[in-house]
file coords-v4.cif (mmCIF, C-alpha atoms)
data_run
loop_
_atom_site.group_PDB
_atom_site.id
_atom_site.type_symbol
_atom_site.label_atom_id
_atom_site.label_comp_id
_atom_site.auth_asym_id
_atom_site.auth_seq_id
_atom_site.Cartn_x
_atom_site.Cartn_y
_atom_site.Cartn_z
ATOM 1 C CA MET H 1 -49.633 -26.882 11.006
ATOM 2 C CA ALA H 2 -53.273 -26.906 11.730
ATOM 3 C CA ILE H 3 -55.547 -29.830 11.313
ATOM 4 C CA LEU H 4 -59.188 -29.294 10.575
ATOM 5 C CA ASN H 5 -61.608 -30.539 13.144
ATOM 6 C CA VAL H 6 -62.855 -33.670 11.391
ATOM 7 C CA LYS H 7 -63.225 -37.326 12.205
ATOM 8 C CA PRO H 8 -60.543 -39.491 10.590
ATOM 9 C CA THR H 9 -62.803 -41.569 8.401
ATOM 10 C CA ARG H 10 -62.549 -42.662 4.802
ATOM 11 C CA MET H 11 -65.561 -40.562 3.903
ATOM 12 C CA GLU H 12 -64.059 -37.397 5.319
ATOM 13 C CA LEU H 13 -60.875 -38.155 3.420
ATOM 14 C CA THR H 14 -62.750 -38.182 0.122
ATOM 15 C CA THR H 15 -64.563 -34.926 0.846
ATOM 16 C CA ILE H 16 -61.374 -33.185 1.901
ATOM 17 C CA ARG H 17 -59.561 -34.441 -1.173
ATOM 18 C CA LYS H 18 -62.307 -32.922 -3.289
ATOM 19 C CA ARG H 19 -62.078 -29.663 -1.385
ATOM 20 C CA LEU H 20 -58.340 -29.577 -1.907
ATOM 21 C CA ALA H 21 -58.742 -30.050 -5.642
ATOM 22 C CA THR H 22 -61.253 -27.186 -5.765
ATOM 23 C CA ALA H 23 -59.047 -24.950 -3.653
ATOM 24 C CA LYS H 24 -56.060 -25.606 -5.885
ATOM 25 C CA ARG H 25 -58.021 -24.831 -9.000
ATOM 26 C CA GLY H 26 -59.437 -21.677 -7.438
ATOM 27 C CA HIS H 27 -55.986 -20.613 -6.376
ATOM 28 C CA LYS H 28 -54.603 -21.033 -9.865
ATOM 29 C CA LEU H 29 -57.479 -19.091 -11.416
ATOM 30 C CA LEU H 30 -57.247 -16.275 -8.901
ATOM 31 C CA LYS H 31 -53.518 -16.078 -9.314
ATOM 32 C CA ASP H 32 -53.942 -15.696 -13.057
ATOM 33 C CA LYS H 33 -56.586 -13.051 -12.481
ATOM 34 C CA GLN H 34 -54.288 -11.174 -10.152
ATOM 35 C CA ASP H 35 -51.421 -11.241 -12.636
ATOM 36 C CA GLU H 36 -53.543 -9.957 -15.473
ATOM 37 C CA LEU H 37 -55.168 -7.277 -13.301
ATOM 38 C CA MET H 38 -51.762 -6.128 -12.175
ATOM 39 C CA ARG H 39 -50.486 -5.905 -15.735
ATOM 40 C CA ARG H 40 -53.428 -3.787 -16.812
ATOM 41 C CA PHE H 41 -53.285 -1.715 -13.665
ATOM 42 C CA ILE H 42 -49.639 -0.797 -14.110
ATOM 43 C CA GLU H 43 -50.286 0.127 -17.717
ATOM 44 C CA MET H 44 -53.163 2.332 -16.677
ATOM 45 C CA ILE H 45 -51.619 3.932 -13.638
ATOM 46 C CA ARG H 46 -48.660 5.130 -15.673
ATOM 47 C CA LYS H 47 -51.043 6.772 -18.107
ATOM 48 C CA ASN H 48 -53.050 8.153 -15.211
ATOM 49 C CA LYS H 49 -50.038 9.744 -13.634
ATOM 50 C CA ALA H 50 -48.823 11.338 -16.856
ATOM 51 C CA LEU H 51 -52.291 12.603 -17.628
ATOM 52 C CA ARG H 52 -52.783 14.079 -14.201
ATOM 53 C CA MET H 53 -49.495 15.918 -14.348
ATOM 54 C CA GLU H 54 -50.421 17.340 -17.716
ATOM 55 C CA VAL H 55 -53.906 18.344 -16.628
ATOM 56 C CA GLU H 56 -52.709 19.957 -13.430
ATOM 57 C CA LYS H 57 -50.151 22.008 -15.290
ATOM 58 C CA GLU H 58 -52.580 23.155 -17.936
ATOM 59 C CA LEU H 59 -55.321 23.888 -15.450
ATOM 60 C CA HIS H 60 -52.905 25.992 -13.513
ATOM 61 C CA GLU H 61 -52.163 28.022 -16.624
ATOM 62 C CA ALA H 62 -55.847 28.384 -17.390
ATOM 63 C CA PHE H 63 -56.564 29.572 -13.876
ATOM 64 C CA GLN H 64 -53.823 32.140 -14.185
ATOM 65 C CA GLU H 65 -55.381 33.490 -17.334
ATOM 66 C CA PHE H 66 -58.737 33.524 -15.680
ATOM 67 C CA LEU H 67 -57.274 35.437 -12.793
ATOM 68 C CA LEU H 68 -55.949 37.995 -15.254
ATOM 69 C CA ALA H 69 -59.367 38.261 -16.822
ATOM 70 C CA SER H 70 -61.024 38.803 -13.494
ATOM 71 C CA ALA H 71 -58.482 41.461 -12.663
ATOM 72 C CA VAL H 72 -59.262 43.382 -15.825
ATOM 73 C CA MET H 73 -63.030 43.070 -15.634
ATOM 74 C CA SER H 74 -65.375 43.914 -12.841
ATOM 75 C CA PRO H 75 -66.613 40.892 -10.870
ATOM 76 C CA GLU H 76 -70.264 41.564 -11.745
ATOM 77 C CA LEU H 77 -69.554 41.735 -15.451
ATOM 78 C CA LEU H 78 -67.461 38.594 -15.291
ATOM 79 C CA LYS H 79 -70.179 36.719 -13.532
ATOM 80 C CA GLN H 80 -72.753 37.969 -15.956
ATOM 81 C CA ALA H 81 -70.634 36.984 -18.918
ATOM 82 C CA VAL H 82 -70.271 33.352 -17.922
ATOM 83 C CA SER H 83 -73.592 32.743 -16.257
ATOM 84 C CA PHE H 84 -75.573 31.713 -19.340
ATOM 85 C CA PRO H 85 -73.460 29.153 -21.128
ATOM 86 C CA LYS H 86 -74.215 28.111 -24.675
ATOM 87 C CA GLU H 87 -72.376 24.867 -24.432
ATOM 88 C CA SER H 88 -73.735 22.081 -22.361
ATOM 89 C CA ILE H 89 -71.857 18.932 -21.547
ATOM 90 C CA SER H 90 -73.268 15.649 -20.475
ATOM 91 C CA VAL H 91 -71.653 12.301 -20.227
ATOM 92 C CA GLU H 92 -72.809 8.929 -21.375
ATOM 93 C CA ILE H 93 -71.583 6.186 -19.097
ATOM 94 C CA LYS H 94 -71.410 2.539 -19.990
ATOM 95 C CA ARG H 95 -70.034 -0.267 -17.937
ATOM 96 C CA LYS H 96 -66.856 -1.832 -19.140
ATOM 97 C CA ASN H 97 -65.664 -5.077 -17.697
ATOM 98 C CA ILE H 98 -61.936 -5.422 -17.091
ATOM 99 C CA MET H 99 -61.248 -8.809 -15.485
ATOM 100 C CA SER H 100 -64.589 -8.721 -13.669
ATOM 101 C CA VAL H 101 -64.085 -5.188 -12.416
ATOM 102 C CA ASN H 102 -66.831 -2.903 -13.582
ATOM 103 C CA VAL H 103 -65.266 0.323 -14.679
ATOM 104 C CA PRO H 104 -67.087 3.207 -16.292
ATOM 105 C CA ALA H 105 -66.548 3.904 -19.967
ATOM 106 C CA MET H 106 -67.358 7.526 -20.444
ATOM 107 C CA ASN H 107 -68.363 9.195 -23.618
ATOM 108 C CA PHE H 108 -68.842 12.904 -23.674
ATOM 109 C CA ILE H 109 -71.575 14.635 -25.449
ATOM 110 C CA ARG H 110 -71.208 18.285 -26.242
ATOM 111 C CA LYS H 111 -74.122 20.211 -27.490
ATOM 112 C CA LEU H 112 -71.895 22.323 -29.692
ATOM 113 C CA GLU H 113 -69.894 19.450 -31.160
ATOM 114 C CA GLY H 114 -67.995 20.657 -34.204
ATOM 115 C CA ASP H 115 -68.852 24.273 -33.508
ATOM 116 C CA GLU H 116 -66.012 25.202 -31.187
ATOM 117 C CA GLY H 117 -65.800 28.738 -32.489
ATOM 118 C CA SER H 118 -68.953 29.840 -30.772
ATOM 119 C CA ILE H 119 -68.370 28.660 -27.245
ATOM 120 C CA TYR H 120 -68.269 32.184 -25.874
ATOM 121 C CA PRO H 121 -71.626 32.851 -24.268
ATOM 122 C CA TYR H 122 -71.305 36.624 -24.276
ATOM 123 C CA GLY H 123 -70.957 39.580 -26.563
ATOM 124 C CA PHE H 124 -67.511 40.970 -27.136
ATOM 125 C CA VAL H 125 -68.317 44.550 -26.180
ATOM 126 C CA GLN H 126 -68.026 44.466 -22.444
ATOM 127 C CA THR H 127 -65.614 41.614 -21.995
ATOM 128 C CA SER H 128 -61.873 41.511 -22.291
ATOM 129 C CA SER H 129 -59.832 39.357 -24.577
ATOM 130 C CA GLU H 130 -58.228 37.776 -21.513
ATOM 131 C CA LEU H 131 -61.508 36.119 -20.704
ATOM 132 C CA ASP H 132 -61.693 34.732 -24.253
ATOM 133 C CA ASP H 133 -58.234 33.261 -23.864
ATOM 134 C CA ALA H 134 -59.006 31.787 -20.479
ATOM 135 C CA ILE H 135 -62.184 30.144 -21.667
ATOM 136 C CA ALA H 136 -60.618 28.856 -24.856
ATOM 137 C CA LYS H 137 -57.856 27.319 -22.802
ATOM 138 C CA LEU H 138 -60.263 25.747 -20.345
ATOM 139 C CA TYR H 139 -62.289 24.395 -23.227
ATOM 140 C CA GLY H 140 -59.145 22.860 -24.673
ATOM 141 C CA ILE H 141 -58.342 21.097 -21.412
ATOM 142 C CA LEU H 142 -61.797 19.640 -21.061
ATOM 143 C CA PRO H 143 -61.295 16.457 -23.131
ATOM 144 C CA LYS H 144 -58.178 15.633 -21.137
ATOM 145 C CA LEU H 145 -59.946 16.364 -17.894
ATOM 146 C CA LEU H 146 -62.744 14.008 -18.810
ATOM 147 C CA GLU H 147 -60.290 11.327 -19.898
ATOM 148 C CA LEU H 148 -58.571 11.739 -16.552
ATOM 149 C CA ALA H 149 -61.886 11.222 -14.787
ATOM 150 C CA GLU H 150 -62.442 7.970 -16.636
ATOM 151 C CA ILE H 151 -58.988 6.531 -16.134
ATOM 152 C CA GLU H 152 -58.634 7.641 -12.540
ATOM 153 C CA LYS H 153 -61.893 6.029 -11.545
ATOM 154 C CA ALA H 154 -60.861 2.839 -13.313
ATOM 155 C CA THR H 155 -57.540 2.679 -11.489
ATOM 156 C CA GLN H 156 -59.219 3.303 -8.148
ATOM 157 C CA LEU H 157 -61.627 0.446 -8.694
ATOM 158 C CA MET H 158 -58.888 -1.827 -9.983
ATOM 159 C CA ALA H 159 -56.650 -1.115 -7.011
ATOM 160 C CA ASP H 160 -59.471 -2.214 -4.722
ATOM 161 C CA GLU H 161 -60.049 -5.367 -6.716
ATOM 162 C CA ILE H 162 -56.355 -6.238 -6.823
ATOM 163 C CA GLU H 163 -56.139 -5.914 -3.059
ATOM 164 C CA LYS H 164 -59.169 -8.160 -2.607
ATOM 165 C CA THR H 165 -57.833 -10.754 -5.055
ATOM 166 C CA ARG H 166 -54.428 -10.755 -3.409
ATOM 167 C CA ARG H 167 -55.998 -11.473 -0.049
ATOM 168 C CA ARG H 168 -57.955 -14.359 -1.481
ATOM 169 C CA VAL H 169 -54.898 -15.796 -3.217
ATOM 170 C CA ASN H 170 -52.871 -15.546 -0.035
ATOM 171 C CA ALA H 171 -55.608 -17.040 2.109
ATOM 172 C CA LEU H 172 -55.820 -20.015 -0.225
ATOM 173 C CA GLU H 173 -52.086 -20.388 -0.675
ATOM 174 C CA TYR H 174 -50.941 -20.025 2.898
ATOM 175 C CA ARG H 175 -53.945 -21.178 4.891
ATOM 176 C CA THR H 176 -56.584 -23.255 3.149
ATOM 177 C CA ILE H 177 -54.397 -25.455 0.963
ATOM 178 C CA PRO H 178 -51.742 -26.330 3.618
ATOM 179 C CA ASP H 179 -54.474 -27.001 6.171
ATOM 180 C CA LEU H 180 -56.260 -29.356 3.837
ATOM 181 C CA GLU H 181 -53.014 -31.138 2.967
ATOM 182 C CA ASP H 182 -52.160 -31.556 6.643
ATOM 183 C CA THR H 183 -55.586 -32.913 7.388
ATOM 184 C CA ILE H 184 -55.361 -35.401 4.538
ATOM 185 C CA ARG H 185 -52.006 -36.609 5.846
ATOM 186 C CA PHE H 186 -53.429 -36.854 9.355
ATOM 187 C CA ILE H 187 -56.427 -38.897 8.254
ATOM 188 C CA ARG H 188 -54.304 -41.194 6.124
ATOM 189 C CA MET H 189 -51.923 -41.835 9.009
ATOM 190 C CA LYS H 190 -54.790 -42.546 11.308
ATOM 191 C CA LEU H 191 -56.389 -44.950 8.835
ATOM 192 C CA ASP H 192 -53.075 -46.727 8.241
ATOM 193 C CA GLU H 193 -52.558 -46.976 11.968
ATOM 194 C CA ASN H 194 -56.000 -48.504 12.390
ATOM 195 C CA GLU H 195 -55.272 -50.980 9.661
ATOM 196 C CA ARG H 196 -51.966 -52.003 11.216
ATOM 197 C CA SER H 197 -53.537 -52.423 14.633
ATOM 198 C CA SER H 198 -56.289 -54.617 13.231
ATOM 199 C CA ILE H 199 -53.704 -56.735 11.415
ATOM 200 C CA THR H 200 -51.684 -57.228 14.600
ATOM 201 C CA ARG H 201 -54.856 -58.061 16.458
ATOM 202 C CA LEU H 202 -55.750 -60.683 13.863
ATOM 203 C CA MET H 203 -52.282 -62.174 14.011
ATOM 204 C CA LYS H 204 -52.452 -62.323 17.773
ATOM 205 C CA VAL H 205 -55.846 -63.986 17.688
ATOM 206 C CA LYS H 206 -54.586 -66.466 15.133
ATOM 207 C CA ASP H 207 -51.641 -67.300 17.385
ATOM 208 C CA LEU H 208 -53.942 -67.820 20.340
ATOM 209 C CA ILE H 209 -56.209 -70.094 18.347
ATOM 210 C CA GLN H 210 -53.245 -72.143 17.065
ATOM 211 C CA LYS H 211 -51.879 -72.559 20.602
ATOM 212 C CA GLU H 212 -55.231 -73.769 21.834
ATOM 213 C CA ALA H 213 -55.496 -76.332 19.102
ATOM 214 C CA MET M 1 -77.106 0.138 -20.007
ATOM 215 C CA ILE M 2 -76.612 3.690 -21.113
ATOM 216 C CA TYR M 3 -77.620 6.603 -18.993
ATOM 217 C CA MET M 4 -76.931 10.249 -19.463
ATOM 218 C CA TYR M 5 -75.133 11.801 -16.576
ATOM 219 C CA LYS M 6 -74.295 15.365 -15.758
ATOM 220 C CA VAL M 7 -70.930 16.838 -14.857
ATOM 221 C CA ALA M 8 -70.372 19.069 -11.839
ATOM 222 C CA VAL M 9 -67.560 21.150 -10.407
ATOM 223 C CA VAL M 10 -67.353 21.869 -6.690
ATOM 224 C CA GLY M 11 -64.963 24.325 -5.116
ATOM 225 C CA ASP M 12 -64.336 27.904 -4.185
ATOM 226 C CA LYS M 13 -66.061 30.437 -6.374
ATOM 227 C CA ASP M 14 -63.043 32.037 -7.971
ATOM 228 C CA SER M 15 -61.524 28.788 -9.131
ATOM 229 C CA ILE M 16 -64.552 27.263 -10.712
ATOM 230 C CA LEU M 17 -66.319 30.196 -12.306
ATOM 231 C CA GLY M 18 -64.580 29.549 -15.606
ATOM 232 C CA PHE M 19 -66.139 26.099 -15.888
ATOM 233 C CA LYS M 20 -69.547 27.668 -15.908
ATOM 234 C CA ALA M 21 -68.877 29.173 -19.311
ATOM 235 C CA LEU M 22 -68.301 25.657 -20.645
ATOM 236 C CA GLY M 23 -71.717 24.480 -19.592
ATOM 237 C CA ILE M 24 -70.601 22.469 -16.608
ATOM 238 C CA ASP M 25 -72.708 22.941 -13.511
ATOM 239 C CA VAL M 26 -70.727 24.713 -10.838
ATOM 240 C CA PHE M 27 -71.422 24.610 -7.129
ATOM 241 C CA PRO M 28 -69.452 27.143 -5.147
ATOM 242 C CA VAL M 29 -68.897 26.079 -1.554
ATOM 243 C CA ILE M 30 -66.890 27.563 1.269
ATOM 244 C CA GLU M 31 -67.522 25.609 4.418
ATOM 245 C CA LYS M 32 -66.909 21.994 5.272
ATOM 246 C CA ASP M 33 -70.513 21.034 6.019
ATOM 247 C CA GLU M 34 -71.716 22.803 2.943
ATOM 248 C CA ALA M 35 -69.191 20.948 0.798
ATOM 249 C CA ARG M 36 -70.190 17.606 2.244
ATOM 250 C CA ARG M 37 -73.852 18.263 1.677
ATOM 251 C CA VAL M 38 -73.314 19.411 -1.891
ATOM 252 C CA VAL M 39 -71.194 16.384 -2.819
ATOM 253 C CA ASP M 40 -73.694 13.976 -1.299
ATOM 254 C CA THR M 41 -76.610 15.638 -3.041
ATOM 255 C CA LEU M 42 -74.819 15.597 -6.374
ATOM 256 C CA ALA M 43 -73.931 11.940 -6.007
ATOM 257 C CA ARG M 44 -77.599 11.072 -5.592
ATOM 258 C CA ASP M 45 -78.692 13.361 -8.336
ATOM 259 C CA LYS M 46 -77.488 11.796 -11.595
ATOM 260 C CA TYR M 47 -74.100 13.396 -11.656
ATOM 261 C CA GLY M 48 -71.592 10.994 -13.174
ATOM 262 C CA ILE M 49 -68.473 13.055 -12.660
ATOM 263 C CA ILE M 50 -67.824 15.480 -9.837
ATOM 264 C CA PHE M 51 -64.693 17.557 -10.127
ATOM 265 C CA ILE M 52 -63.721 18.979 -6.779
ATOM 266 C CA THR M 53 -60.890 21.350 -6.009
ATOM 267 C CA GLU M 54 -58.192 19.970 -3.755
ATOM 268 C CA GLN M 55 -58.690 22.780 -1.262
ATOM 269 C CA THR M 56 -62.307 21.797 -0.803
ATOM 270 C CA ALA M 57 -61.568 18.086 -0.909
ATOM 271 C CA SER M 58 -59.034 18.427 1.883
ATOM 272 C CA LEU M 59 -61.884 19.499 4.163
ATOM 273 C CA ILE M 60 -63.931 16.380 3.563
ATOM 274 C CA PRO M 61 -61.541 13.441 3.019
ATOM 275 C CA ASP M 62 -63.974 10.887 4.449
ATOM 276 C CA THR M 63 -66.716 11.843 2.008
ATOM 277 C CA ILE M 64 -64.325 11.597 -0.932
ATOM 278 C CA GLU M 65 -63.102 8.251 0.340
ATOM 279 C CA ARG M 66 -66.633 6.914 0.446
ATOM 280 C CA TYR M 67 -67.173 7.406 -3.267
ATOM 281 C CA ASN M 68 -63.822 5.935 -4.214
ATOM 282 C CA ASN M 69 -64.952 2.336 -4.267
ATOM 283 C CA GLN M 70 -68.237 2.920 -6.017
ATOM 284 C CA MET M 71 -68.436 2.890 -9.770
ATOM 285 C CA LEU M 72 -70.381 6.138 -9.887
ATOM 286 C CA PRO M 73 -69.974 8.984 -9.342
ATOM 287 C CA ALA M 74 -66.329 9.557 -10.161
ATOM 288 C CA VAL M 75 -65.055 12.159 -7.732
ATOM 289 C CA ILE M 76 -61.951 13.647 -9.303
ATOM 290 C CA LEU M 77 -59.661 16.161 -7.654
ATOM 291 C CA ILE M 78 -58.443 19.162 -9.586
ATOM 292 C CA PRO M 79 -56.091 21.893 -8.443
ATOM 293 C CA SER M 80 -57.646 25.217 -7.562
ATOM 294 C CA ASN M 81 -56.422 28.615 -8.633
ATOM 295 C CA GLN M 82 -54.079 28.685 -5.669
ATOM 296 C CA GLY M 83 -52.131 25.808 -7.117
ATOM 297 C CA THR M 84 -52.095 22.144 -6.333
ATOM 298 C CA LEU M 85 -51.860 20.564 -2.907
ATOM 299 C CA ASN M 86 -50.694 17.295 -4.469
ATOM 300 C CA ILE M 87 -53.605 15.395 -2.985
ATOM 301 C CA GLY M 88 -54.524 14.028 -6.392
ATOM 302 C CA MET M 89 -51.008 12.734 -6.955
ATOM 303 C CA ASP M 90 -50.922 11.284 -3.466
ATOM 304 C CA MET M 91 -54.069 9.372 -4.183
ATOM 305 C CA ILE M 92 -52.535 7.845 -7.298
ATOM 306 C CA ASN M 93 -49.480 6.827 -5.309
ATOM 307 C CA LYS M 94 -51.674 5.402 -2.579
ATOM 308 C CA ASN M 95 -53.518 3.329 -5.146
ATOM 309 C CA VAL M 96 -50.248 1.964 -6.467
ATOM 310 C CA GLU M 97 -49.160 1.057 -2.986
ATOM 311 C CA LYS M 98 -52.462 -0.608 -2.272
ATOM 312 C CA ALA M 99 -52.336 -2.694 -5.433
ATOM 313 C CA VAL M 100 -48.662 -3.496 -5.814
ATOM 314 C CA GLY M 101 -47.433 -3.303 -2.248
ATOM 315 C CA THR M 102 -44.707 -0.772 -2.898
ATOM 316 C CA ASN M 103 -44.518 2.400 -4.903
ATOM 317 C CA ILE M 104 -43.040 1.392 -8.220
ATOM 318 C CA LEU M 105 -43.525 4.670 -10.035
#
call {"tool": "encode", "arguments": {"input": "coords-v4.cif", "output": "structure tokens"}}
result
Amino acid sequence: MAILNVKPTRMELTTIRKRLATAKRGHKLLKDKQDELMRRFIEMIRKNKALRMEVEKELHEAFQEFLLASAVMSPELLKQAVSFPKESISVEIKRKNIMSVNVPAMNFIRKLEGDEGSIYPYGFVQTSSELDDAIAKLYGILPKLLELAEIEKATQLMADEIEKTRRRVNALEYRTIPDLEDTIRFIRMKLDENERSSITRLMKVKDLIQKEA
Amino acid sequence: MIYMYKVAVVGDKDSILGFKALGIDVFPVIEKDEARRVVDTLARDKYGIIFITEQTASLIPDTIERYNNQMLPAVILIPSNQGTLNIGMDMINKNVEKAVGTNIL
């Protein structure tokens, strides 16, 4: 129990009552926000986890194939083969608002959209078919990888926001609101006490006056 | 607000060479300071997504951490050709713990 440092006057009582009403409303709103954020977060984090597992597995396979390719070909040739890519990937990022958390909404733009057959930036004479396989595989993973980027960033940002909201909710619920309620009770008691003491004083004075008369 | 951002991959040379063929900019790094400098430069330089191999990321956890609570760039860990160190998974689990309080997955 902690009482705010205020003078027990009627005016303070009104202000604190108003503050309590605001705090209660804020608490309810924040609590709702937290619940909804949590629901979305859990939905997303499950997807995130599944996606990451998938991507890691497939990337691992792709790397293995790439390793094979680099074993078959000479390092210089390999480097030469991949160093002038035909494809170019950029990403268009918009803001998306999930419960007041700004998360990126990513949209990928491939220069060779719809022309997946010609992603290989080299002639087929000096390169091995292993390299073709490795690159095709990597190219196939790309959409998932980009989706992972989007969802993982979103969950990171949401986790931060949930933590912040939870702290606010708790601060209001366990500190601000009880303190205000205690203070209101304290002021009311004090005012009542004052009233009683003035009544007794009046009665006493009345008695005195009656005795005199 | 729509901007065009670029995509980058940071890591050891052997792991990331394949991404070059797909038109993603690759930045081979070996040392810790080099990695930190590259990531910071990329973040300033209109890169929206930075994929970084876990091996490289494990050298510079504080730098990765710094970009985690900004909207952009998204720094995403990927396994390298030596397999995964499970840092990416750990980060997901850490996020769950941070948000929910316990690991519910």
call {"tool": "resolve_selection", "arguments": {"input": "coords-v4.cif", "expression": "the PyMOL selection byres ((chain M) within 7 of (chain H))", "output": "number ranges by chain"}}
result
M: 1-7, 15, 18, 20-24, 68-69, 71, 74, 76, 78-79, 81, 83, 95, 98-99
call {"tool": "write_last_selection", "arguments": {"input": "coords-v4.cif", "atoms": "C-alpha atoms", "output": "short mmCIF file (atom, residue, chain, number, x, y, z; two decimals), keeping the file's coordinate frame"}}
result
data_model
loop_
_atom_site.label_atom_id
_atom_site.label_comp_id
_atom_site.auth_asym_id
_atom_site.auth_seq_id
_atom_site.Cartn_x
_atom_site.Cartn_y
_atom_site.Cartn_z
CA MET M 1 -77.11 0.14 -20.01
CA ILE M 2 -76.61 3.69 -21.11
CA TYR M 3 -77.62 6.60 -18.99
CA MET M 4 -76.93 10.25 -19.46
CA TYR M 5 -75.13 11.80 -16.58
CA LYS M 6 -74.30 15.36 -15.76
CA VAL M 7 -70.93 16.84 -14.86
CA SER M 15 -61.52 28.79 -9.13
CA GLY M 18 -64.58 29.55 -15.61
CA LYS M 20 -69.55 27.67 -15.91
CA ALA M 21 -68.88 29.17 -19.31
CA LEU M 22 -68.30 25.66 -20.64
CA GLY M 23 -71.72 24.48 -19.59
CA ILE M 24 -70.60 22.47 -16.61
CA ASN M 68 -63.82 5.94 -4.21
CA ASN M 69 -64.95 2.34 -4.27
CA MET M 71 -68.44 2.89 -9.77
CA ALA M 74 -66.33 9.56 -10.16
CA ILE M 76 -61.95 13.65 -9.30
CA ILE M 78 -58.44 19.16 -9.59
CA PRO M 79 -56.09 21.89 -8.44
CA ASN M 81 -56.42 28.62 -8.63
CA GLY M 83 -52.13 25.81 -7.12
CA ASN M 95 -53.52 3.33 -5.15
CA LYS M 98 -52.46 -0.61 -2.27
CA ALA M 99 -52.34 -2.69 -5.43
#
call {"tool": "resolve_selection", "arguments": {"input": "coords-v4.cif", "expression": "the PyMOL selection byres ((chain M and resi 53-56) around 7)", "output": "ChimeraX atom specification"}}
result
/M:10-11,51-52,57-59,77-80,84-85,87
call {"tool": "atom_distance", "arguments": {"input": "coords-v4.cif", "atom1": "atom CA of Ala23 of chain H", "atom2": "atom CA of Pro178 of chain H"}}
result
10.4 Å
call {"tool": "atom_distance", "arguments": {"input": "coords-v4.cif", "atom1": "atom CA of Ile64 of chain M", "atom2": "atom CA of Arg37 of chain M"}}
result
11.9 Å
call {"tool": "residues_around", "arguments": {"input": "coords-v4.cif", "residues": "Lys18 of chain H", "least_positions_apart": "5", "cutoff": "12 Å", "atoms": "only C-alpha atoms", "output": "number ranges by chain"}}
result
H: 11-13, 23-25, 177, 180-181, 184
call {"tool": "residues_around", "arguments": {"input": "coords-v4.cif", "residues": "segment 192-204 of chain H", "least_positions_apart": "5", "cutoff": "12 Å", "atoms": "only C-alpha atoms", "output": "mmCIF file with C-alpha atoms, in the coordinates of the input"}}
result
data_model
loop_
_atom_site.group_PDB
_atom_site.id
_atom_site.type_symbol
_atom_site.label_atom_id
_atom_site.label_comp_id
_atom_site.auth_asym_id
_atom_site.auth_seq_id
_atom_site.Cartn_x
_atom_site.Cartn_y
_atom_site.Cartn_z
ATOM 1 C CA PRO H 8 -60.543 -39.491 10.590
ATOM 2 C CA THR H 9 -62.803 -41.569 8.401
ATOM 3 C CA ARG H 10 -62.549 -42.662 4.802
ATOM 4 C CA ARG H 185 -52.006 -36.609 5.846
ATOM 5 C CA PHE H 186 -53.429 -36.854 9.355
ATOM 6 C CA ILE H 187 -56.427 -38.897 8.254
ATOM 7 C CA ILE H 209 -56.209 -70.094 18.347
ATOM 8 C CA GLN H 210 -53.245 -72.143 17.065
ATOM 9 C CA LYS H 211 -51.879 -72.559 20.602
#
call {"tool": "atom_distance", "arguments": {"input": "coords-v4.cif", "atom1": "atom CA of Glu65 of chain H", "atom2": "atom CA of Gln126 of chain H"}}
result
17.5 Å
